[in-house]
Amino acid sequence: MDPECSQLLPALCSVLADPRQPVADDTCLEKLLDWFKTITEAGSSLLLLQENPCLLGLLCHMLKPQDLSPRVLAFSLRLAGMLAAQEDCFQYLQQGELLPRLFGEAGPLGGAAWTAPSVRSGWIQGLRSLARHPSALCFLADCGAVDTIFSLQGDSSLFVASAAGQLLVHILGLSLQGPAEGHPGLQTGDWPVCAQKIVSHIEESLRSAATPQITQALNVLTTTFGHCHSPWTQVLWVRLSPLVACLLEKDPVPAAHSLVDLLLSVARSPVLSSSSCGLWETLAQTLSHLSPTQAGPLALGILKLQECPQALRAQAFAVLLQPLTCVLEATAQAPGLLDSLDGTGGASVTVDTLLPSKAACVGLLCRTLAHLELLQPLPQRPSPWPQAPLLGATVTILRLCSGSATPTSDAGGHLCAFLVGCVRVQRAALDFLGTLSQGTGPRELVTQVFAVLLEYLTSPDSSPTVLKKAFQATFRWLQSSPETPGCSDLDPHAQLFLRELLPVLPKRLCSPCWEVRDSGLEFLTQMIGRWGGQAGFRRALLASEVPELTEQLLRDPESYVRASAVAATGQLSSQGLRVTPASPEHPGGQQKSLLAELLHILSTDSEGFPRRAVMHVFTQWLRDGHADVAGDTERFVARVLQVASQDLDWEVRAQGLELALVFLEQTLGRPSSHCPYAVTPPVAAPPSPLAQALRPLCRVQLFEFAFRALFDCDRPVAQKSCDLLLFLRAQTASYSGPQGSGNVPEVASVEAALQRWQAGDQGQPLGYLEPEVVVAVLRSMDLEGLRGALAESSDRVEKSPQSLLQDMLATVGALGEDEADCY
Amino acid sequence: MCLVLSNQKSNMKLYCLSGHPTLPCNVLKFKSTTIMLDCGLDMTSTLNFLPLPLVQSPRLSNLPGWSLKDGNAFLDKELKECSGHVFVDSVPEFCLPETELIDLSTVDVILISNYHCMMALPYITEHTGFTGTVYATEPTVQIGRLLMEELVNFIERVPKAQSASLWKNKDIQRLLPSPLKDAVEVSTWRRCYTMQEVNSALSKIQLVGYSQKIELFGAVQVTPLSSGYALGSSNWIIQSHYEKVSYVSGSSLLTTHPQPMDQASLKNSDVLVLTGLTQIPTANPDGMVGEFCSNLALTVRNGGNVLVPCYPSGVIYDLLECLYQYIDSAGLSNIPFYFISPVANSSLEFSQIFAEWLCHNKQTKVYLPEPPFPHAELIQTNKLKHYPSLHGDFSSDFRQPCVVFTGHPSLRFGDVVHFMELWGKSSLNTVIFTEPDFSYLEALAPYQPLAMKCIYCPIDTRLNFIQVSKLLKEVQPLHVVCPEQYTQPPPAQSHRMDLMIDCQPPAMSYRRAEVLALPFKRRYEKIEIMPEPPPRPTQPTGGKKRKRASDDIPDCKVLKPLLSGSIPVEQFVQALEKHGFSDIKVEDTAKGHIVLLQEAETLIQIEEDSTHIICDNDEMLRVRLRDLVLKFLQKF
């Protein structure tokens with residue numbers, strides 16, 4: 001601990017011990033604990049106590065009967081536990097009987113303060129920190145802490161209850177660390193008393209008729225098997241698994257969710273899953289006993305396991321698919337589809353489970369679809385993957401939701417009534433449908449997929465969120481549709497679909513709902529990015545009203561839409577897809593006006609998003625050598641940098657640096673390194689003399705922009721600028737211009753100006769700089785130092801422990817002369 | 001005090017005079033009062049007629065006459081053919097509610113629930129001997145008057161010399177093509193009423209406010225409740241001391257301009273009559289408004305005109321409000337919006353003055369003070385202009401591309417006919433249907449072939465089936481009565497089990513010209529017992545009289561003793577035998593017994609709450625039997 005802090009600590013301890021003083025908020029105490037934690041982890045706690053007797057004083061003070069703030073008491077308990085984690089310090093504290101008096105019956109445990117959940121939580125966390133060594137175990141046994149922990153498992157505060165469970169697991173692990181670790185064959189009867197006590201408690205809870213107690217026991221076991229993979233866990237499971245299996249015989253199965261968690265935790269444990277302790281049988285039994293809603297997560301968990309018997313996987317997959325089988329059955333799909341999904345013949349059970357209420361039906365379907373979506377990309381997903389039936393079921397669900405499916409049975413009618421217009425299911429199904437685009441499907445089904453997507457994209461009833469998902473799924477399906485052999489154009493079916501889709505898009509772009517306009521534009525941007533170069537797509541797009549409407553949306557009242565319109569228009573223009581009315585007097589007149597329009601947005605738009613979007617488009621245009629830019633690149637860059645430098649949004653300024661970098665690379669030649677910011681000496685000499693090469697950069701006033709950014713109040717901008725200048729300096733390392741240019745008056749004046757800028761006075765511009773001056777200034781600057789300073793977080797001063805202590809003392813007015821005012 | 005009537009069935013009946021679920025006309029007989037619930041006018045009949053063009057239309061006047069398959073052309077003056085459809089070339093006629101099922105002169109009161117459901121009022125009040133009172137809220141009457149005025153104006157300003165009646169002959173109608181062949185009750189179709197009849201009908205209306213309790217002859221109390229569908233729209237509670245009937249007609253739970261629906265007061269109803277649900281249950285109004293705006297913008301941006309056939313009040317207010325928010329964002333600020341109707345001005349102004357009938361948001365605006373509807377600003381800024389007709393100022397102001405709101409949604413009369421003729425030939429233009437009352441395909445039939453785009457965005461804010469199901473769960477009526485259309489899925493979507501009323505016990509359904517005995521039992525009746533017989537009521541003189549009071553309590557009835565008790569069948573048969581009747585046969589029925597005197601061809605029907613003696617033209621025998629029956633009953 002540094003001397004400044006040591007000096008402040010006694011004052012702080014006395015403030016904390018004084019019940020009349022208002023205590024700083026919990027965050028300060030948390031930060032203080034974090035600080036003590038780093039200290040105790042790095043050095044001796046005993047030494048800390050000895051050097052700072054005020055700490056011991058504070059802890060002792062807690063023992064006096066007084067009206068202490070619960071948060072200070074909780075803090076002290078946690079601090080005591082943290083200090084006692086080291087055995088020598090533990091012994092030291094034990095000498096003064098401090099620990100039993102803090103954590104035992106005589107402490108807050110019996111007092112009024114115990115009613116505060118924060119104190120109970122502090123007590124548990126204190127013990128949790130303390131329980132690190134064998135002496136601690138004896139202490140716990142002596143002060144009867146374990147019984148208290150048992151009772152805290154049912155605490156009214158969920159945080160306390162959960163921490164109590166975790167503490168039990170920790171104690172169990174600690175008590176078995178020594179003896180059982182060495183002898184894996186040791187039976188529970190030979191375990192230490194403390195461990196036996198905990199195991200008996202768990203057994204008792206598992207036998208209980210009360211669900212909360214069963215849940216507590218299951219949660220403790222889940223954490224145990226999740227965290228400890230020692231051989232003793234196997235002994236424990238062998239002893240307890242019959243009791244767990246007994247739970248399955250009850251109807252309904254109590255604490256089903258916790259049971260599922262436990263079984264999955266056991267199955268994931270490398271010690272247990274590899275042994276023959278009846279785990280797979282229990283899992284199979286559980287799958288068949290639980291309701292589909294409860295069994296879903298278990299089935300998913302089983303399918304995600306790396307190692308698992310094939311039969312169990314098949315059973316789990318069948319359980320997961322049951323709701324979809326039920327949907328297919330209710331709508332009398334082709335029997336082929338049904339057979340491949342129906343693995344267990346248990347679908348009729350699901351119909352009842354699926355149909356009792358709308359909420360149950362919707363919840364089960366959403367969960368099933370989400371589970372399958374998670375499973376689809378995994379390497380261990382079931383194989384063969386029933387792509388076609390899954391597609392069929394998802395399309396059917398979507399059609400049931402839109403009311404266009406025709407169920408043939410009563411069950412189907414009910415299903416339809418539940419699902420019509422249900423946005424939740426629509427979203428889940430569209431997400432899953434998108435995921436299914438990764439696989440192929442029979443042509444007929446793919447046609448159905450596109451038909452249902454089109455139905456959703458067309459329907460006025462599609463909610464904005466559903467529509468967004470429909471757009472996303474559509475893009476994914478179009479992306480996955482096979483390309484025409486020989487050229488990378490869309491296949492004829494996708495083209496056909498596109499021809500139907502494009503008339504829908506203008507309507508969406510005119511929607512009164514901005515979310516719809518926005519997702520329409522995003523979709524368009526993606527489409528152009530992917531197929532902008534393909535003749536079929538280009539023809540269809542140009543024949544539609546889409547390009548014109550997109551441009552009109554640049555003036556949309558909603559900033560998000562404007563931003564998306566900027567991105568889309570930029571793409572359209574890059575691909576030469578803008579509508580340019582042929583006019584002999586103004587060839588390309590329209591194109592120019594887009595550049596002007598985007599510049600106008602950049603300089604006048606009141607919202608950041610459109611301006612950021614413009615900068616992205618400009619950077620892309622510059623990178624691609626867009627025709628509008630290539631004509632007079634310097635003028636373009638100069639103009640953009642000038643506008644961007646005045647922007648209030650740091651992301652716009654940062655993007656300006658990105659654009660500057662692209663220009664710089666184009667001017668000086670691309671560095672061979674993949675990382676544009678890597679400081680590497682140039683491999684090859686620039687194509688032209690460097691001074692010549694730097695001149696365009698000077699003309700566009702890139703350096704003025706970069707230097708200004710270097711002292712930007714937003715750190716990312718400054719960092720980026722620093723990287724850019726370092727790159728530039730490396731590029732100019734070989735430059736052998738007039739030596740000693742540091743003495744040139746111009747250089748001195750630039751350096752003086754930069755110093756003023758650094759001090760915050762950025763009023764005066766630098767004006768045109770000669771390349772030699774730039775190089776000289778770059779060389780004279782301590783860019784590495786600046787980079788180091790910028791790399792440190794900006795709140796490093798505020799985060800120091802000294803600052804923390806000062807702040808806490810300042811809050812109560814205990815610093816310096818203010819003390820006199822207390823009277 | 002109250003009297004316990006053990007298992008006495010009330011004599012409550014519902015006479016269903018209209019088959020149209022959203023344009024209802026029912027008569028409720030309840031506690032010796034006869035109450036008509038709405039009198040909607042089914043205007044879909046006009047779709048069978050040729051449009052009435054405001055300006056001479058060569059296309060319409062040159063349509064070929066229709067002749068029978070055998071070439072017989074005797075109907076060619078009455079029927080014209082257009083693109084494969086046959087239309088009656090005559091003044092359009094309307095299908096009235098059933099007038100034969102019940103003597104409409106006995107109707108005591110008419111309760112109106114909203115301005116769309118009163119369009120048949122002049123036919124009822126002026127031509128049936130009706131002498132009662134009509135109850136409605138002020139906005140209902142004022143806007144109803146506008147709708148009627150517009151209708152009369154549309155029809156009267158294009159006088160048509162010809163009146164077709166030959167085709168209505170049953171034998172001839174059978175030979176006609178569909179849909180004329182299938183048109184029902186064509187003989188009862190009537191021409192539109194006159195303004196004089198409208199004024200006379202409206203003069204019979206008494207204005208009421210929400211939650212106001214109106215006593216009818218001391219027997220029944222009726223109360224209008226806000227229904228949330230339109231300005232001044234109401235549901236009605238009809239109750240006596242121990243019975244409550246709720247009449248729910250045209251209600252909405254959506255937040256649009258009217259005051260929200262009062263659901264709580266509908267609780268504890270014995271019977272809930274449910275009509276006027278959305279006509280397009282599959283279309284969500286929000287989605288449709290979005291569709292409307294998008295299509296409008298697309299058309300106008302391409303230089304086309306948009307035609308919106310609509311009523312002069314109602315959804316148009318909400319559409320204008322949406323457009324108010326939308327036009328700037330869609331870059332349509334320079335596009336003129338025209339609202340053309342003989343009552344356009346009054347409609348726009350009325351909407352702003354009925355503050356107390358508006359939703360909370362709009363009411364608070366009035367205190368700012370600001371006009372509750374933003375169309376005031378559209379008018380101020382010249383974005384929305386309104387004209388009584390396309391003649392006059394409009395023709396000089398008219399700029400294209402533009403958006404025109406005008407009537408009539410049937411496309412058979414009104415200024416809309418002219419715009420259809422004018423714009424129908426260009427594919428740049430679009431007609432957007434927002435009113436759900438008419439099939440848009442049928443409405444368009446006489447304009448075929450048509451190049452203009454047609455968009456169907458029906459906006460119906462009335463309750464859908466999900467909302468109904470929630471409502472019924474909330475208010476829990478003992479019985480639900482509704483048009484038969486609501487008890488099964490729509491014919492075109494027979495699998496949509498969600499598009500029907502699902503309640504327990506199942507809803508009782510009715511159809512046109514049916515009489516329904518409402519299924520509830522009276523257990524109590526409040527009576528007052530006075531030491532002296534009540535004085536004989538004096539005959540009211542002239543004007544609106546308390547008809548029931550004088551008709552139902554003639555002199556003799558005051559003196560007639562009240563009877564109670566039940567008839568033991570075995571003893572009754574013995575008594576009959578004692579009085580010389582032989583060949584007696586007793587049959588058990590679900591509700592009691594039938595005693596059959598085979599020789600006398602007479603039947604005595606004994607049920608728990610009624611006894612009927614049915615004998616043919618033998619008054620002596622009937623009186624003898626009656627006296628025998630009476631012996632078993634106690635008098636007091």
# chains A, B, ... in the order shown; residues from 1 in each chain; ligands from 1

$ interface_residues --of "chain B" --to "chain A" --cutoff "12 Å" --atoms "only C-alpha atoms" --output "ChimeraX atom specification"
/B:281-302,322-332,455-459,465-466,489,492-502

$ residues_around --residues "Ser269 (chain A)" --least-positions-apart "2" --cutoff "12 Å" --atoms "only C-alpha atoms" --output "compact mmCIF listing (two decimals) with all heavy atoms, in the first residue's frame"
# COMPACT_ATOMS: atom_id res chain seq x y z
N LEU A 221 -26.25 -29.48 -5.88
CA LEU A 221 -25.60 -30.57 -6.62
C LEU A 221 -25.18 -30.11 -8.01
O LEU A 221 -24.10 -30.45 -8.50
CB LEU A 221 -26.55 -31.76 -6.73
CG LEU A 221 -26.78 -32.51 -5.40
CD1 LEU A 221 -27.82 -33.61 -5.59
CD2 LEU A 221 -25.47 -33.11 -4.90
N THR A 222 -26.06 -29.31 -8.67
CA THR A 222 -25.71 -28.81 -10.01
C THR A 222 -24.41 -28.03 -9.96
O THR A 222 -23.51 -28.24 -10.78
CB THR A 222 -26.84 -27.90 -10.54
OG1 THR A 222 -28.06 -28.61 -10.44
CG2 THR A 222 -26.60 -27.49 -11.97
N THR A 223 -24.31 -27.13 -8.98
CA THR A 223 -23.09 -26.32 -8.86
C THR A 223 -21.90 -27.23 -8.55
O THR A 223 -20.80 -27.05 -9.10
CB THR A 223 -23.25 -25.27 -7.74
OG1 THR A 223 -24.57 -24.75 -7.80
CG2 THR A 223 -22.25 -24.16 -7.87
N THR A 224 -22.11 -28.19 -7.66
CA THR A 224 -21.02 -29.09 -7.29
C THR A 224 -20.46 -29.81 -8.52
O THR A 224 -19.26 -29.75 -8.80
CB THR A 224 -21.53 -30.15 -6.29
OG1 THR A 224 -22.16 -29.48 -5.21
CG2 THR A 224 -20.37 -31.00 -5.76
N PHE A 225 -21.35 -30.45 -9.27
CA PHE A 225 -20.87 -31.24 -10.41
C PHE A 225 -20.37 -30.34 -11.54
O PHE A 225 -19.56 -30.76 -12.37
CB PHE A 225 -21.96 -32.18 -10.91
CG PHE A 225 -22.35 -33.21 -9.89
CD1 PHE A 225 -23.66 -33.38 -9.50
CD2 PHE A 225 -21.37 -34.01 -9.30
CE1 PHE A 225 -24.01 -34.32 -8.55
CE2 PHE A 225 -21.73 -34.96 -8.34
CZ PHE A 225 -23.04 -35.12 -7.96
N GLY A 226 -20.89 -29.10 -11.55
CA GLY A 226 -20.44 -28.17 -12.57
C GLY A 226 -19.03 -27.66 -12.31
O GLY A 226 -18.27 -27.40 -13.24
N HIS A 227 -18.67 -27.53 -11.02
CA HIS A 227 -17.39 -26.92 -10.68
C HIS A 227 -16.31 -27.92 -10.28
O HIS A 227 -15.15 -27.69 -10.52
CB HIS A 227 -17.56 -25.89 -9.56
CG HIS A 227 -18.25 -24.66 -10.03
ND1 HIS A 227 -19.62 -24.57 -10.11
CD2 HIS A 227 -17.77 -23.47 -10.47
CE1 HIS A 227 -19.95 -23.39 -10.57
NE2 HIS A 227 -18.84 -22.70 -10.81
N CYS A 228 -16.71 -29.00 -9.60
CA CYS A 228 -15.71 -29.95 -9.13
C CYS A 228 -15.71 -31.18 -10.02
O CYS A 228 -16.76 -31.78 -10.25
CB CYS A 228 -16.01 -30.40 -7.70
SG CYS A 228 -16.40 -29.05 -6.63
N HIS A 229 -14.56 -31.50 -10.50
CA HIS A 229 -14.46 -32.69 -11.33
C HIS A 229 -13.51 -33.70 -10.70
O HIS A 229 -12.86 -34.48 -11.38
CB HIS A 229 -14.02 -32.31 -12.75
CG HIS A 229 -14.99 -31.39 -13.40
ND1 HIS A 229 -14.61 -30.36 -14.22
CD2 HIS A 229 -16.34 -31.30 -13.31
CE1 HIS A 229 -15.68 -29.69 -14.62
NE2 HIS A 229 -16.74 -30.25 -14.08
N SER A 230 -13.44 -33.68 -9.36
CA SER A 230 -12.58 -34.62 -8.65
C SER A 230 -13.29 -35.97 -8.58
O SER A 230 -14.52 -36.03 -8.72
CB SER A 230 -12.33 -34.12 -7.23
OG SER A 230 -11.83 -32.82 -7.28
N PRO A 231 -12.53 -37.02 -8.32
CA PRO A 231 -13.14 -38.35 -8.29
C PRO A 231 -14.24 -38.49 -7.24
O PRO A 231 -15.16 -39.28 -7.42
CB PRO A 231 -11.96 -39.27 -7.95
CG PRO A 231 -10.74 -38.51 -8.34
CD PRO A 231 -11.07 -37.08 -8.19
N THR A 233 -16.65 -36.70 -6.64
CA THR A 233 -17.98 -36.34 -7.15
C THR A 233 -18.71 -37.58 -7.66
O THR A 233 -19.93 -37.69 -7.58
CB THR A 233 -17.88 -35.30 -8.29
OG1 THR A 233 -16.94 -35.78 -9.25
CG2 THR A 233 -17.45 -33.96 -7.78
N GLN A 234 -17.91 -38.53 -8.15
CA GLN A 234 -18.51 -39.77 -8.64
C GLN A 234 -19.15 -40.55 -7.48
O GLN A 234 -20.26 -41.07 -7.60
CB GLN A 234 -17.43 -40.61 -9.32
CG GLN A 234 -18.01 -41.72 -10.14
CD GLN A 234 -16.91 -42.56 -10.78
OE1 GLN A 234 -15.78 -42.10 -10.94
NE2 GLN A 234 -17.24 -43.77 -11.12
N TRP A 237 -22.34 -38.88 -6.56
CA TRP A 237 -23.42 -39.13 -7.52
C TRP A 237 -23.97 -40.55 -7.35
O TRP A 237 -25.19 -40.76 -7.38
CB TRP A 237 -22.93 -38.89 -8.94
CG TRP A 237 -23.97 -39.22 -9.99
CD1 TRP A 237 -23.88 -40.17 -10.94
CD2 TRP A 237 -25.26 -38.61 -10.15
NE1 TRP A 237 -25.01 -40.21 -11.71
CE2 TRP A 237 -25.89 -39.25 -11.23
CE3 TRP A 237 -25.94 -37.61 -9.46
CZ2 TRP A 237 -27.16 -38.92 -11.66
CZ3 TRP A 237 -27.22 -37.27 -9.90
CH2 TRP A 237 -27.81 -37.92 -10.98
N LEU A 262 -29.46 -30.17 -13.22
CA LEU A 262 -28.56 -31.10 -12.53
C LEU A 262 -28.10 -32.22 -13.48
O LEU A 262 -26.90 -32.51 -13.58
CB LEU A 262 -29.27 -31.72 -11.31
CG LEU A 262 -28.53 -32.88 -10.67
CD1 LEU A 262 -27.20 -32.42 -10.10
CD2 LEU A 262 -29.35 -33.56 -9.59
N LEU A 263 -29.07 -32.81 -14.16
CA LEU A 263 -28.71 -33.95 -15.01
C LEU A 263 -27.75 -33.52 -16.11
O LEU A 263 -26.81 -34.24 -16.45
CB LEU A 263 -29.98 -34.58 -15.60
CG LEU A 263 -30.87 -35.27 -14.56
CD1 LEU A 263 -32.16 -35.76 -15.19
CD2 LEU A 263 -30.13 -36.43 -13.90
N LEU A 264 -27.98 -32.32 -16.65
CA LEU A 264 -27.07 -31.85 -17.69
C LEU A 264 -25.70 -31.55 -17.12
O LEU A 264 -24.67 -31.82 -17.75
CB LEU A 264 -27.65 -30.61 -18.37
CG LEU A 264 -28.84 -30.88 -19.29
CD1 LEU A 264 -29.42 -29.59 -19.83
CD2 LEU A 264 -28.43 -31.80 -20.44
N SER A 265 -25.70 -31.03 -15.90
CA SER A 265 -24.42 -30.74 -15.26
C SER A 265 -23.64 -32.04 -15.03
O SER A 265 -22.43 -32.11 -15.25
CB SER A 265 -24.71 -30.01 -13.95
OG SER A 265 -23.63 -30.03 -13.11
N VAL A 266 -24.36 -33.08 -14.62
CA VAL A 266 -23.73 -34.39 -14.42
C VAL A 266 -23.19 -34.93 -15.75
O VAL A 266 -22.07 -35.43 -15.85
CB VAL A 266 -24.73 -35.38 -13.79
CG1 VAL A 266 -24.15 -36.79 -13.73
CG2 VAL A 266 -25.13 -34.93 -12.40
N ALA A 267 -24.05 -34.78 -16.78
CA ALA A 267 -23.67 -35.33 -18.08
C ALA A 267 -22.47 -34.61 -18.67
O ALA A 267 -21.70 -35.19 -19.44
CB ALA A 267 -24.85 -35.23 -19.04
N VAL A 271 -15.84 -36.52 -15.28
CA VAL A 271 -15.67 -37.64 -14.35
C VAL A 271 -16.88 -38.56 -14.39
O VAL A 271 -16.77 -39.79 -14.39
CB VAL A 271 -15.51 -37.10 -12.90
CG1 VAL A 271 -15.22 -38.23 -11.94
CG2 VAL A 271 -14.44 -36.05 -12.86
N LEU A 272 -18.07 -37.92 -14.44
CA LEU A 272 -19.28 -38.71 -14.30
C LEU A 272 -19.76 -39.32 -15.61
O LEU A 272 -20.25 -40.45 -15.65
CB LEU A 272 -20.39 -37.84 -13.71
CG LEU A 272 -20.04 -37.29 -12.32
CD1 LEU A 272 -21.03 -36.25 -11.89
CD2 LEU A 272 -19.99 -38.42 -11.32
N SER A 273 -19.63 -38.54 -16.69
CA SER A 273 -20.20 -39.03 -17.94
C SER A 273 -19.44 -40.25 -18.46
O SER A 273 -19.99 -41.08 -19.18
CB SER A 273 -20.20 -37.92 -18.99
OG SER A 273 -18.88 -37.48 -19.20
N SER A 274 -18.16 -40.34 -18.08
CA SER A 274 -17.39 -41.46 -18.60
C SER A 274 -17.61 -42.72 -17.76
O SER A 274 -17.26 -43.81 -18.18
CB SER A 274 -15.91 -41.09 -18.61
OG SER A 274 -15.53 -40.70 -17.31
N SER A 275 -18.18 -42.58 -16.57
CA SER A 275 -18.34 -43.76 -15.72
C SER A 275 -19.68 -44.43 -15.98
O SER A 275 -20.58 -43.84 -16.57
CB SER A 275 -18.25 -43.34 -14.26
OG SER A 275 -19.40 -42.59 -13.96
N LEU A 279 -26.12 -42.98 -15.58
CA LEU A 279 -26.52 -41.63 -15.95
C LEU A 279 -27.42 -41.62 -17.20
O LEU A 279 -28.46 -40.98 -17.24
CB LEU A 279 -25.27 -40.78 -16.20
CG LEU A 279 -25.53 -39.42 -16.83
CD1 LEU A 279 -26.31 -38.53 -15.89
CD2 LEU A 279 -24.23 -38.75 -17.22
N LEU A 305 -24.22 -32.36 -26.08
CA LEU A 305 -23.10 -33.09 -25.45
C LEU A 305 -22.17 -33.63 -26.53
O LEU A 305 -22.62 -34.06 -27.59
CB LEU A 305 -23.64 -34.26 -24.63
CG LEU A 305 -24.43 -33.89 -23.36
CD1 LEU A 305 -25.02 -35.15 -22.74
CD2 LEU A 305 -23.54 -33.17 -22.37
N GLN A 306 -20.90 -33.63 -26.20
CA GLN A 306 -19.93 -34.16 -27.17
C GLN A 306 -20.02 -35.68 -27.25
O GLN A 306 -20.01 -36.25 -28.33
CB GLN A 306 -18.50 -33.75 -26.75
CG GLN A 306 -18.26 -32.25 -26.68
CD GLN A 306 -18.17 -31.59 -28.05
OE1 GLN A 306 -18.10 -32.29 -29.06
NE2 GLN A 306 -18.21 -30.28 -28.09
N GLU A 307 -20.11 -36.27 -26.07
CA GLU A 307 -20.15 -37.74 -26.02
C GLU A 307 -21.49 -38.15 -25.44
O GLU A 307 -21.86 -37.69 -24.37
CB GLU A 307 -19.04 -38.27 -25.10
CG GLU A 307 -17.64 -37.90 -25.54
CD GLU A 307 -17.22 -38.64 -26.81
OE1 GLU A 307 -17.74 -39.75 -27.02
OE2 GLU A 307 -16.42 -38.10 -27.58

$ atom_distance --atom1 "CA of Glu435 (chain B)" --atom2 "CA of Glu185 (chain B)"
25.2 Å

$ select_by_dssp --residues "region 80-243 of chain A" --states "alpha helix (DSSP H)" --output "ChimeraX atom specification"
/A:80-83,87-95,98-103,117-130,134-142,145-152,158-177,179-182,193-207,211-227,232-243

$ residues_around --residues "region 273-276 of chain B" --least-positions-apart "3" --cutoff "6 Å" --atoms "only C-alpha atoms" --output "CSV table (one decimal) with all heavy atoms, in the first residue's frame"
chain,number,residue,atom,x,y,z
B,21,PRO,N,-75.3,-8.1,-40.7
B,21,PRO,CA,-74.9,-8.1,-39.3
B,21,PRO,C,-74.4,-6.7,-38.8
B,21,PRO,O,-74.4,-6.4,-37.7
B,21,PRO,CB,-73.7,-9.1,-39.2
B,21,PRO,CG,-73.4,-9.4,-40.6
B,21,PRO,CD,-74.5,-9.0,-41.5
B,22,THR,N,-73.9,-5.9,-39.8
B,22,THR,CA,-73.4,-4.6,-39.4
B,22,THR,C,-74.4,-3.5,-39.6
B,22,THR,O,-74.2,-2.3,-39.2
B,22,THR,CB,-72.1,-4.2,-40.1
B,22,THR,OG1,-72.1,-4.8,-41.3
B,22,THR,CG2,-70.9,-4.7,-39.3
B,247,TYR,N,-77.3,-4.3,-25.5
B,247,TYR,CA,-77.3,-4.3,-26.9
B,247,TYR,C,-76.0,-3.7,-27.4
B,247,TYR,O,-75.7,-2.5,-27.2
B,247,TYR,CB,-78.5,-3.5,-27.5
B,247,TYR,CG,-78.5,-3.4,-29.0
B,247,TYR,CD1,-78.5,-4.5,-29.8
B,247,TYR,CD2,-78.5,-2.1,-29.6
B,247,TYR,CE1,-78.4,-4.4,-31.1
B,247,TYR,CE2,-78.4,-2.0,-30.9
B,247,TYR,CZ,-78.4,-3.1,-31.7
B,247,TYR,OH,-78.4,-3.0,-33.1
B,248,VAL,N,-75.1,-4.5,-27.9
B,248,VAL,CA,-73.8,-4.1,-28.3
B,248,VAL,C,-73.8,-4.0,-29.8
B,248,VAL,O,-74.0,-5.0,-30.5
B,248,VAL,CB,-72.7,-5.0,-27.8
B,248,VAL,CG1,-71.3,-4.6,-28.4
B,248,VAL,CG2,-72.6,-5.0,-26.3
B,249,SER,N,-73.6,-2.8,-30.3
B,249,SER,CA,-73.6,-2.6,-31.8
B,249,SER,C,-72.5,-1.7,-32.2
B,249,SER,O,-72.5,-0.6,-31.7
B,249,SER,CB,-75.0,-2.1,-32.2
B,249,SER,OG,-75.0,-1.6,-33.5
B,250,GLY,N,-71.7,-2.1,-33.1
B,250,GLY,CA,-70.6,-1.2,-33.6
B,250,GLY,C,-69.8,-0.7,-32.5
B,250,GLY,O,-69.9,0.5,-32.2
B,480,VAL,N,-75.7,-15.0,-25.0
B,480,VAL,CA,-75.3,-14.1,-26.1
B,480,VAL,C,-76.2,-14.4,-27.3
B,480,VAL,O,-76.4,-15.6,-27.6
B,480,VAL,CB,-73.8,-14.3,-26.5
B,480,VAL,CG1,-73.4,-13.5,-27.7
B,480,VAL,CG2,-72.9,-14.1,-25.3
B,481,VAL,N,-76.7,-13.4,-27.9
B,481,VAL,CA,-77.5,-13.5,-29.1
B,481,VAL,C,-76.8,-12.7,-30.2
B,481,VAL,O,-76.4,-11.6,-30.0
B,481,VAL,CB,-78.9,-12.9,-28.9
B,481,VAL,CG1,-79.7,-13.0,-30.1
B,481,VAL,CG2,-79.6,-13.6,-27.7
B,482,CYS,N,-76.6,-13.3,-31.4
B,482,CYS,CA,-75.9,-12.6,-32.5
B,482,CYS,C,-76.4,-13.1,-33.8
B,482,CYS,O,-77.1,-14.1,-33.9
B,482,CYS,CB,-74.4,-12.8,-32.3
B,482,CYS,SG,-74.0,-14.5,-32.6

$ atom_distance --atom1 "CA of Gly104 (chain A)" --atom2 "CA of Ala11 (chain A)"
28.6 Å
